[in-house]
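Working notes for the structure below.
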Amino acid sequence: MGSLRRFQILAVLFGLLPATGYASTITFSNATSISIPDFGTATTYPSSITVTGMDLVLDLSVSLIDFSHSIVNDVGVLLVGPSGIAQVVFDGGTDSGIVNANLTFADGGALWPGSGSVSSGTFQPRSYFPDDDFPAPAPAVPGVNPTTIGAKSFSVFDGSNPNGVWSLYVVDFASEGGTGTIAGGWSLTITDTPTSTVPEPSTLLLLSGFAALGLRRRLAPR
């Protein structure tokens with residue numbers, strides 16, 4: 001064990017440093033294109049991302065890269081975490097089409113529109129349909145599947161362990177001739193809780209000086 005690591009542990013034990021550090025934000029991606037048929041589950045269903053090396057979830061967002069569909073209102077998207085927690089990303093929306101849009105869904109985003117045009121941007125997760133049932137292997141989660149109408153929140157994932165496989169389920173729920181793709185795949189951005197000690201370098205140098213002073217005193221002749 002290195003000397004700096006020893007000072008870090010001793011500082012925490014004696015209350016000179018907090019037992020918390022800095023939150024980290026990391027984006028994990030799956031760039032494989034997702035094809036959305038007319039009335040059916042997407043290919044691949046689900047699309048997955050494996051997360052490693054993170055502490056507990058503090059915040060997260062989901063991005064759909066290069067999303068196109070001729071009837072946005074037909075589409076539903078569900079996010080499921082490694083522990084089985086699930087939340088709607090969006091379900092339904094405007095009857096208009098969308099072309100090559102980069103969509104991020106995050107708490108505090110703009111209203112996901114139920115009418116008119118829609119383009120690239122950051123939106124609050126939302127469902128416009130209470131009865132859509134994402135087919136298996138998507139989990140049946142009370143209050144989510146079937147969904148309820150209105151704004152959704154990714155805070156349901158807060159405090160959960162993000163490490164493992166995250167699944168994105170994409171469905172076209174209507175037989176209206178609408179098809180689409182998420183050509184660039186999707187990404188998941190996670191901010192975790194600061195659970196590991198990360199002392200400032202200046203603090204470590206100060207502690208090192210104290211330790212060296214103590215060592216000299218022990219070695220001094222009496």
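Identifiers in this document derive from the order of the structure tokens: chains are assigned A, B, ..., residues are numbered from 1 separately in each chain, and ligands are numbered from 1 in order of occurrence.
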*Tell me, as a PyMOL selection string, which residues lie within 10 Å of stretch 45-51 of chain A, counting only C-alpha atoms; anything in the same chain fewer than 6 positions away does not count.*
chain A and resi 26-36+78-82+135-138+161-171+185-188+190
*Skip stretch 56-67 of chain A itself and residues of its chain fewer than 2 positions away, then list as a VMD selection string all residues within 6 Å of it, counting only C-alpha atoms.*
chain A and resid 100 to 106 158 to 161 181 to 193
*Determine the nearest neighbour of A:Ser68 from the options A:Thr41, A:Ser153, A:Gly180, A:Ser120, counting only C-alpha atoms.*
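Under the stated criterion, the closest residue is A:Gly180.
Interatomic distance, atom CA of A:Ser119 against atom CA of A:Glu176: 21.5 Å.
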*Please return as a ChimeraX atom specification: the residues of stretch 21-158 of chain A that backbone DSSP assigns to helix (DSSP H, G or I).*
/A:72-74,154-157
*asked:* Rounded to one decimal, what separation in Å do you get between atom CA of A:Thr122 and atom CA of A:Gly108?
replied: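 Atom CA of A:Gly108 lies 8.7 Å from atom CA of A:Thr122.
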*Can you list, as a ChimeraX atom specification, every residue of stretch 92-152 of chain A that DSSP puts in strand (DSSP E)?*
/A:98-110,121-123,126-127,150-151
Any chance you can output those residues with all heavy atoms as a compact mmCIF listing (two decimals), in the first residue's frame?
# COMPACT_ATOMS: atom_id res chain seq x y z
N ILE A 98 -40.81 12.68 -37.66
CA ILE A 98 -39.57 13.24 -37.16
C ILE A 98 -38.43 12.65 -37.98
O ILE A 98 -38.48 11.47 -38.34
CB ILE A 98 -39.42 12.95 -35.64
CG1 ILE A 98 -38.25 13.72 -35.04
CG2 ILE A 98 -39.28 11.46 -35.38
CD1 ILE A 98 -38.21 13.66 -33.52
N VAL A 99 -37.41 13.45 -38.28
CA VAL A 99 -36.34 13.00 -39.18
C VAL A 99 -34.97 13.34 -38.58
O VAL A 99 -34.69 14.50 -38.27
CB VAL A 99 -36.46 13.65 -40.57
CG1 VAL A 99 -35.32 13.18 -41.47
CG2 VAL A 99 -37.81 13.33 -41.20
N ASN A 100 -34.17 12.29 -38.42
CA ASN A 100 -32.76 12.45 -38.01
C ASN A 100 -32.59 13.34 -36.78
O ASN A 100 -31.71 14.20 -36.74
CB ASN A 100 -31.93 13.01 -39.17
CG ASN A 100 -31.95 12.10 -40.39
OD1 ASN A 100 -32.10 10.89 -40.28
ND2 ASN A 100 -31.81 12.70 -41.57
N ALA A 101 -33.43 13.12 -35.78
CA ALA A 101 -33.37 13.95 -34.56
C ALA A 101 -32.54 13.26 -33.49
O ALA A 101 -32.54 12.04 -33.36
CB ALA A 101 -34.77 14.20 -34.04
N ASN A 102 -31.84 14.06 -32.72
CA ASN A 102 -31.12 13.58 -31.53
C ASN A 102 -31.93 14.01 -30.32
O ASN A 102 -32.05 15.21 -30.03
CB ASN A 102 -29.71 14.16 -31.48
CG ASN A 102 -28.85 13.66 -32.63
OD1 ASN A 102 -28.94 12.50 -33.02
ND2 ASN A 102 -28.01 14.53 -33.17
N LEU A 103 -32.50 13.04 -29.64
CA LEU A 103 -33.44 13.31 -28.54
C LEU A 103 -32.83 12.85 -27.23
O LEU A 103 -32.41 11.70 -27.10
CB LEU A 103 -34.75 12.56 -28.77
CG LEU A 103 -35.46 12.81 -30.11
CD1 LEU A 103 -36.67 11.88 -30.23
CD2 LEU A 103 -35.89 14.27 -30.24
N THR A 104 -32.79 13.75 -26.27
CA THR A 104 -32.37 13.39 -24.92
C THR A 104 -33.57 13.52 -23.99
O THR A 104 -34.30 14.52 -24.05
CB THR A 104 -31.23 14.31 -24.43
OG1 THR A 104 -30.08 14.09 -25.23
CG2 THR A 104 -30.88 14.00 -22.97
N PHE A 105 -33.77 12.52 -23.15
CA PHE A 105 -34.86 12.55 -22.18
C PHE A 105 -34.24 12.60 -20.79
O PHE A 105 -33.45 11.73 -20.41
CB PHE A 105 -35.76 11.32 -22.36
CG PHE A 105 -36.56 11.37 -23.63
CD1 PHE A 105 -36.02 10.91 -24.82
CD2 PHE A 105 -37.83 11.94 -23.65
CE1 PHE A 105 -36.74 10.97 -26.01
CE2 PHE A 105 -38.55 12.02 -24.83
CZ PHE A 105 -38.01 11.54 -26.02
N ALA A 106 -34.61 13.65 -20.05
CA ALA A 106 -34.04 13.90 -18.73
C ALA A 106 -35.04 14.66 -17.89
O ALA A 106 -35.82 15.47 -18.41
CB ALA A 106 -32.74 14.70 -18.86
N ASP A 107 -35.02 14.42 -16.59
CA ASP A 107 -35.88 15.18 -15.69
C ASP A 107 -35.57 16.67 -15.82
O ASP A 107 -34.41 17.08 -15.84
CB ASP A 107 -35.68 14.72 -14.26
CG ASP A 107 -36.22 13.32 -14.02
OD1 ASP A 107 -36.92 12.79 -14.90
OD2 ASP A 107 -35.92 12.74 -12.95
N GLY A 108 -36.62 17.48 -15.93
CA GLY A 108 -36.45 18.91 -16.08
C GLY A 108 -36.38 19.37 -17.52
O GLY A 108 -36.23 20.56 -17.78
N GLY A 109 -36.52 18.41 -18.48
CA GLY A 109 -36.50 18.79 -19.88
C GLY A 109 -37.80 19.44 -20.32
O GLY A 109 -38.76 19.56 -19.55
N ALA A 110 -37.85 19.85 -21.58
CA ALA A 110 -39.05 20.48 -22.13
C ALA A 110 -40.17 19.46 -22.27
O ALA A 110 -39.96 18.24 -22.23
CB ALA A 110 -38.72 21.09 -23.49
N GLY A 121 -33.67 17.88 -29.24
CA GLY A 121 -33.78 18.64 -28.00
C GLY A 121 -33.75 17.73 -26.79
O GLY A 121 -33.56 16.51 -26.90
N THR A 122 -33.96 18.34 -25.63
CA THR A 122 -34.01 17.61 -24.36
C THR A 122 -35.42 17.71 -23.80
O THR A 122 -35.97 18.81 -23.66
CB THR A 122 -33.00 18.18 -23.35
OG1 THR A 122 -31.68 18.06 -23.89
CG2 THR A 122 -33.07 17.42 -22.03
N PHE A 123 -36.01 16.56 -23.45
CA PHE A 123 -37.42 16.49 -23.08
C PHE A 123 -37.62 15.71 -21.78
O PHE A 123 -36.85 14.81 -21.46
CB PHE A 123 -38.23 15.82 -24.20
CG PHE A 123 -38.12 16.51 -25.52
CD1 PHE A 123 -37.15 16.13 -26.45
CD2 PHE A 123 -38.96 17.57 -25.85
CE1 PHE A 123 -37.03 16.77 -27.67
CE2 PHE A 123 -38.86 18.22 -27.07
CZ PHE A 123 -37.88 17.82 -27.99
N ARG A 126 -42.36 11.18 -20.84
CA ARG A 126 -43.80 11.38 -20.79
C ARG A 126 -44.54 10.26 -21.51
O ARG A 126 -44.05 9.72 -22.51
CB ARG A 126 -44.18 12.72 -21.43
CG ARG A 126 -45.65 13.10 -21.24
CD ARG A 126 -45.94 14.49 -21.78
NE ARG A 126 -47.29 14.90 -21.49
CZ ARG A 126 -47.68 15.49 -20.37
NH1 ARG A 126 -46.79 15.75 -19.43
NH2 ARG A 126 -48.94 15.84 -20.18
N SER A 127 -45.74 9.93 -21.01
CA SER A 127 -46.63 8.98 -21.67
C SER A 127 -47.97 9.64 -21.98
O SER A 127 -48.51 10.37 -21.14
CB SER A 127 -46.88 7.75 -20.79
OG SER A 127 -47.87 6.93 -21.36
N GLY A 150 -49.15 11.13 -18.50
CA GLY A 150 -48.52 12.26 -17.86
C GLY A 150 -47.01 12.16 -17.82
O GLY A 150 -46.40 11.25 -18.38
N ALA A 151 -46.42 13.15 -17.15
CA ALA A 151 -44.97 13.22 -17.05
C ALA A 151 -44.43 12.05 -16.23
O ALA A 151 -45.07 11.60 -15.27
CB ALA A 151 -44.55 14.54 -16.42
*Write out as JSON, numbers by chain which residues come within 6 Å of A:Gly178 when counting only C-alpha atoms, dropping same-chain ones fewer than 5 positions away.*
{"A": [38, 70, 71]}
